[in-house]
Amino acid sequence: MSLDISNWKIEDVLRSLRSRETTATEICQASLARIAAENPKNNSLITVTQERALARAAAIDRMAASGERLPPLAGVPVAVKDVIVTEGTRTTCGSRILENYVPPYTATAVERMEAAGAIVVGKANCDEFAMGSSNENSAFGPVRNPYDLERVSGGSSGGSAAAVASGMAVAALGSDTGGSVRQPASFCGVVGLMPTYGRVSRYGLVAYASSLDHIGPVGRSVKDVAVLLSAIAGHDPLDSTSAAVPVPNYVSELDGNLKGFKIGVPREYFAEGLSSGVRTQVEAGLQALGKLGCEMVEITLPHTEYATACYYIIATAEASANLARYDGVRYGYRAPGAASLSEMYQKTRGQGFGAEVKRRIILGTYVLSAGYYDAYYLKAQKVRHLIAADFSNAFEKVDAIAAPTAPTPAFRIGEKTANPLEMYLSDVYTLPGSLAGIPGISVPCGWSSAEGDGGSSSEIKKLPVGIQLLGKHFDEARLLRLAHQFEMAGGVA
Ligand code: GLN
């Protein structure tokens, strides 16, 4: 029987390589076989990097044969969201405008992961330029949820989450600007972390909203996410916003007591709009945390209701500036047959960008325009401070905050596409943490029946639910410990 790695964790890869039970080449082939079987169903990967992956696997096997000590990610098949650049491998950002763009350099996070032995097996599908919450905004088609192919994977890192959930890769890198690692992780039943802003270098992450963009790991366990974070975190002189804060050993910090650990439960996250299925699961999650010795404290984050408006002003403003570079001259696609330079710009951008990206460029340009700057952009910046202050105040009383990751389980493909505002509102629980720059992790918290599906089919589908844990700046170690203990105790059924 051929090797099946679809449930493997990072430690399974290492154990089997160290014991010489398998080779990195066999593991890589197993991953590629799984991709060949699953990718046509869920569309997680835009590009499969077969040749390069096999060559790197062979190099790991030579290391193993020579008795060299294997690095922490040796032979681990990983997927990389296609907004993270990879030298020599096209990086599309889920956009027509970069359909054939082959970057001349590799992102620091990928370089570090590869230096630790990881093997990139493919570039993961995503919403165009990471703008979206469902992966339906990709020029390469939506990613389908592995648990129900009629439903979305979540977004924008839907391909990263679905690739891990469907066993194509053991782990993945995504990016999170307003929830894009955490929300698809919750929809696909995997673990996803948005680290503190500045914790992981953004060098080589194609910019969407630079003051909010983060690279974050996705895995099948909290420990895998901790291993990945240890590999990619730390200062990078190539990213001026990356922080020179020492990187703890996230893996050795996973074990430890949670007695007396105070967890804030924000009232605003359990209010109207939260589906009953998610509420039930997350409340069970809080009880499970209680059993671990944590003390629950009700808290208030009073400016939560302004986060969505605030985020969609700041993010679109930054996006409108960042996306000015796609002009048909410097990068990617250039429309043919233009009679003048301005016509070339117009045609290139008109044909190259999808509807959501255009909507955001227009919105962002508007909120930055002379007459409206104070009313929208400047005001949003002030609100952002208030939201960040809500969290600082809460963290004077509690060690971490627990909440749902998303208000509903995965919704149906097409369900929210006609109404962008409804789509934006589905980010309600992930946006505040992003605006505050604090770390957040989504951990599987059992299953919910699909909302509104009761009785419509003979078999009611169960969909994954995620619980979100938010921590203080650079407190990933404790956040991961909390998430790991929750997972080890069995989470929630
Ligand atoms: N859904 C949010 C948006 O569309 C967040 C996306 C992200 O985190 N990249 O902007």
# chains A, B, ... in the order shown; residues from 1 in each chain; ligands from 1

call {"tool": "residues_around", "arguments": {"residues": "A:Thr365", "least_positions_apart": "5", "cutoff": "9 Å", "atoms": "only C-alpha atoms", "output": "PyMOL selection string"}}
result
chain A and resi 316-317+319-321+360

call {"tool": "closest_atom_pairs", "arguments": {"of": "stretch 170-261 of chain A", "to": "stretch 402-410 of chain A", "cutoff": "7 Å", "atoms": "only C-alpha atoms", "output": "JSON lines"}}
result
{"residue": "A:Arg182", "atom": "CA", "partner": "A:Thr405", "partner_atom": "CA", "distance": 6.8}
{"residue": "A:Gln183", "atom": "CA", "partner": "A:Thr405", "partner_atom": "CA", "distance": 6.1}
{"residue": "A:Ser186", "atom": "CA", "partner": "A:Thr405", "partner_atom": "CA", "distance": 6.7}
{"residue": "A:Phe187", "atom": "CA", "partner": "A:Ala410", "partner_atom": "CA", "distance": 5.2}

call {"tool": "select_by_dssp", "arguments": {"residues": "stretch 80-212 of chain A", "states": "helix (DSSP H, G or I)", "output": "PyMOL selection string"}}
result
chain A and resi 96-98+108-115+128-130+158-165+182-188

call {"tool": "write_last_selection", "arguments": {"atoms": "N, CA, C and O atoms", "output": "short mmCIF file (atom, residue, chain, number, x, y, z; two decimals), in the first residue's frame"}}
result
data_model
loop_
_atom_site.label_atom_id
_atom_site.label_comp_id
_atom_site.auth_asym_id
_atom_site.auth_seq_id
_atom_site.Cartn_x
_atom_site.Cartn_y
_atom_site.Cartn_z
N ARG A 96 -5.60 37.87 -12.02
CA ARG A 96 -5.20 37.83 -13.44
C ARG A 96 -4.00 38.72 -13.68
O ARG A 96 -3.15 38.44 -14.51
N ILE A 97 -3.94 39.82 -12.94
CA ILE A 97 -2.89 40.81 -13.23
C ILE A 97 -1.49 40.23 -12.95
O ILE A 97 -0.50 40.69 -13.53
N LEU A 98 -1.41 39.23 -12.09
CA LEU A 98 -0.11 38.60 -11.80
C LEU A 98 -0.10 37.12 -12.22
O LEU A 98 0.72 36.34 -11.75
N THR A 108 11.08 36.16 3.27
CA THR A 108 11.90 35.72 4.42
C THR A 108 11.26 34.52 5.13
O THR A 108 11.94 33.56 5.48
N ALA A 109 9.93 34.57 5.32
CA ALA A 109 9.27 33.48 6.06
C ALA A 109 9.45 32.15 5.32
O ALA A 109 9.67 31.11 5.95
N VAL A 110 9.37 32.18 4.00
CA VAL A 110 9.54 30.95 3.23
C VAL A 110 11.01 30.50 3.29
O VAL A 110 11.30 29.31 3.49
N GLU A 111 11.89 31.47 3.17
CA GLU A 111 13.32 31.15 3.24
C GLU A 111 13.66 30.48 4.56
O GLU A 111 14.37 29.48 4.61
N ARG A 112 13.10 31.01 5.65
CA ARG A 112 13.38 30.45 6.98
C ARG A 112 12.77 29.06 7.13
O ARG A 112 13.37 28.16 7.73
N MET A 113 11.58 28.90 6.58
CA MET A 113 10.92 27.60 6.66
C MET A 113 11.71 26.57 5.87
O MET A 113 11.92 25.44 6.32
N GLU A 114 12.20 26.98 4.71
CA GLU A 114 12.99 26.04 3.89
C GLU A 114 14.34 25.76 4.55
O GLU A 114 14.83 24.63 4.49
N ALA A 115 14.89 26.77 5.18
CA ALA A 115 16.17 26.55 5.87
C ALA A 115 15.98 25.52 6.99
O ALA A 115 16.90 24.79 7.35
N GLU A 128 -8.31 37.31 -4.22
CA GLU A 128 -7.41 38.18 -4.98
C GLU A 128 -6.78 39.24 -4.05
O GLU A 128 -7.48 39.99 -3.37
N PHE A 129 -5.47 39.26 -4.01
CA PHE A 129 -4.70 40.15 -3.14
C PHE A 129 -5.15 40.05 -1.68
O PHE A 129 -5.08 41.02 -0.93
N ALA A 130 -5.66 38.90 -1.30
CA ALA A 130 -6.07 38.61 0.09
C ALA A 130 -7.30 39.40 0.51
O ALA A 130 -7.55 39.60 1.69
N GLY A 158 -7.95 30.61 2.15
CA GLY A 158 -8.76 29.40 2.05
C GLY A 158 -7.97 28.21 1.52
O GLY A 158 -8.13 27.08 2.00
N GLY A 159 -7.10 28.45 0.56
CA GLY A 159 -6.31 27.36 0.00
C GLY A 159 -5.35 26.78 1.02
O GLY A 159 -5.17 25.56 1.08
N SER A 160 -4.75 27.64 1.84
CA SER A 160 -3.81 27.16 2.86
C SER A 160 -4.54 26.26 3.86
O SER A 160 -4.06 25.19 4.22
N ALA A 161 -5.72 26.71 4.31
CA ALA A 161 -6.47 25.95 5.31
C ALA A 161 -7.02 24.65 4.71
O ALA A 161 -6.91 23.58 5.32
N ALA A 162 -7.57 24.72 3.51
CA ALA A 162 -8.16 23.53 2.90
C ALA A 162 -7.08 22.52 2.49
O ALA A 162 -7.31 21.31 2.54
N ALA A 163 -5.91 23.00 2.10
CA ALA A 163 -4.82 22.09 1.72
C ALA A 163 -4.40 21.26 2.93
O ALA A 163 -4.13 20.06 2.82
N VAL A 164 -4.36 21.90 4.11
CA VAL A 164 -3.99 21.18 5.33
C VAL A 164 -5.15 20.26 5.75
O VAL A 164 -4.95 19.09 6.07
N ALA A 165 -6.37 20.79 5.69
CA ALA A 165 -7.53 20.00 6.12
C ALA A 165 -7.73 18.76 5.25
O ALA A 165 -8.18 17.73 5.73
N ARG A 182 -7.16 33.03 10.57
CA ARG A 182 -8.01 32.48 11.63
C ARG A 182 -9.36 31.98 11.11
O ARG A 182 -9.82 30.90 11.47
N GLN A 183 -10.01 32.77 10.25
CA GLN A 183 -11.36 32.40 9.82
C GLN A 183 -11.36 31.16 8.92
O GLN A 183 -12.14 30.23 9.17
N PRO A 184 -10.51 31.06 7.89
CA PRO A 184 -10.49 29.80 7.13
C PRO A 184 -10.06 28.61 7.97
O PRO A 184 -10.54 27.49 7.76
N ALA A 185 -9.17 28.84 8.94
CA ALA A 185 -8.79 27.73 9.83
C ALA A 185 -10.03 27.24 10.56
O ALA A 185 -10.27 26.04 10.68
N SER A 186 -10.86 28.16 11.05
CA SER A 186 -12.06 27.73 11.78
C SER A 186 -13.04 27.03 10.84
O SER A 186 -13.64 26.02 11.21
N PHE A 187 -13.18 27.51 9.62
CA PHE A 187 -14.12 26.89 8.67
C PHE A 187 -13.65 25.49 8.24
O PHE A 187 -14.48 24.66 7.86
N CYS A 188 -12.34 25.28 8.24
CA CYS A 188 -11.81 24.00 7.73
C CYS A 188 -11.35 23.07 8.85
O CYS A 188 -10.75 22.03 8.57
#

call {"tool": "closest_atom_pairs", "arguments": {"of": "chain A", "to": "ligand 1", "cutoff": "6 Å", "atoms": "only C-alpha atoms and all ligand atoms", "output": "JSON lines"}}
result
{"residue": "A:Ala130", "atom": "CA", "partner": "ligand 1", "partner_atom_place_in_ligand_line": "9 (N)", "distance": 4.3}
{"residue": "A:Met131", "atom": "CA", "partner": "ligand 1", "partner_atom_place_in_ligand_line": "4 (O)", "distance": 4.0}
{"residue": "A:Gly132", "atom": "CA", "partner": "ligand 1", "partner_atom_place_in_ligand_line": "4 (O)", "distance": 3.5}
{"residue": "A:Ser133", "atom": "CA", "partner": "ligand 1", "partner_atom_place_in_ligand_line": "1 (N)", "distance": 4.0}
{"residue": "A:Ser156", "atom": "CA", "partner": "ligand 1", "partner_atom_place_in_ligand_line": "9 (N)", "distance": 5.3}
{"residue": "A:Asp176", "atom": "CA", "partner": "ligand 1", "partner_atom_place_in_ligand_line": "8 (O)", "distance": 4.0}
{"residue": "A:Thr177", "atom": "CA", "partner": "ligand 1", "partner_atom_place_in_ligand_line": "8 (O)", "distance": 3.4}
{"residue": "A:Gly178", "atom": "CA", "partner": "ligand 1", "partner_atom_place_in_ligand_line": "8 (O)", "distance": 3.6}
{"residue": "A:Gly179", "atom": "CA", "partner": "ligand 1", "partner_atom_place_in_ligand_line": "8 (O)", "distance": 4.2}
{"residue": "A:Ser180", "atom": "CA", "partner": "ligand 1", "partner_atom_place_in_ligand_line": "8 (O)", "distance": 3.6}
{"residue": "A:Asp427", "atom": "CA", "partner": "ligand 1", "partner_atom_place_in_ligand_line": "1 (N)", "distance": 5.9}

call {"tool": "closest_residue", "arguments": {"among": "A:Gly293, A:Gly277, A:Gly471, A:Pro237", "to": "A:Gly256", "atoms": "only C-alpha atoms"}}
result
A:Gly293

call {"tool": "atom_distance", "arguments": {"atom1": "atom CA of A:Ala400", "atom2": "atom CA of A:Thr430"}}
result
14.8 Å

call {"tool": "atom_distance", "arguments": {"atom1": "atom CA of A:Tyr429", "atom2": "atom CA of A:Arg359"}}
result
22.8 Å

call {"tool": "select_by_dssp", "arguments": {"residues": "stretch 40-224 of chain A", "states": "strand (DSSP E or B)", "output": "number ranges by chain"}}
result
A: 45-48, 77-81, 84, 86, 89, 119-124, 144-145, 148-152, 171-176, 191-194, 200, 205, 214-219

call {"tool": "closest_atom_pairs", "arguments": {"of": "stretch 288-353 of chain A", "to": "stretch 386-394 of chain A", "cutoff": "7 Å", "atoms": "only C-alpha atoms", "output": "CSV"}}
result
residue,atom,partner,partner_atom,distance
A:Ile299,CA,A:Ala394,CA,6.8
A:Leu301,CA,A:Asp390,CA,5.2
A:Pro302,CA,A:Asp390,CA,6.8
A:His303,CA,A:Ile387,CA,5.6
A:Thr304,CA,A:Ile387,CA,6.8

call {"tool": "closest_atom_pairs", "arguments": {"of": "stretch 96-213 of chain A", "to": "stretch 18-29 of chain A", "cutoff": "10 Å", "atoms": "only C-alpha atoms", "output": "tab-separated table"}}
result
residue	atom	partner	partner_atom	distance
A:Ile119	CA	A:Cys28	CA	7.9
A:Val120	CA	A:Cys28	CA	9.5
A:Val121	CA	A:Cys28	CA	7.8
A:Met168	CA	A:Cys28	CA	9.9
A:Ala169	CA	A:Cys28	CA	9.3

call {"tool": "atom_distance", "arguments": {"atom1": "atom CA of A:Val76", "atom2": "atom CA of A:Val102"}}
result
24.0 Å

call {"tool": "closest_residue", "arguments": {"among": "A:Asp61, A:Gly204, A:Arg52, A:Gly75", "to": "A:Tyr105", "atoms": "only C-alpha atoms"}}
result
A:Gly204

call {"tool": "closest_residue", "arguments": {"among": "A:Thr280, A:Asn145, A:Gln381, A:Ser369", "to": "A:Ile467", "atoms": "only C-alpha atoms"}}
result
A:Thr280

call {"tool": "closest_residue", "arguments": {"among": "A:Val282, A:Val492, A:Met194, A:Cys93", "to": "A:Val181", "atoms": "only C-alpha atoms"}}
result
A:Met194

call {"tool": "closest_residue", "arguments": {"among": "A:Gly154, A:Gly117, A:Gly264, A:Gly192", "to": "A:Phe395", "atoms": "only C-alpha atoms"}}
result
A:Gly264

call {"tool": "closest_residue", "arguments": {"among": "A:Tyr345, A:Gly189, A:Lys382, A:Val398", "to": "A:Met296", "atoms": "only C-alpha atoms"}}
result
A:Val398
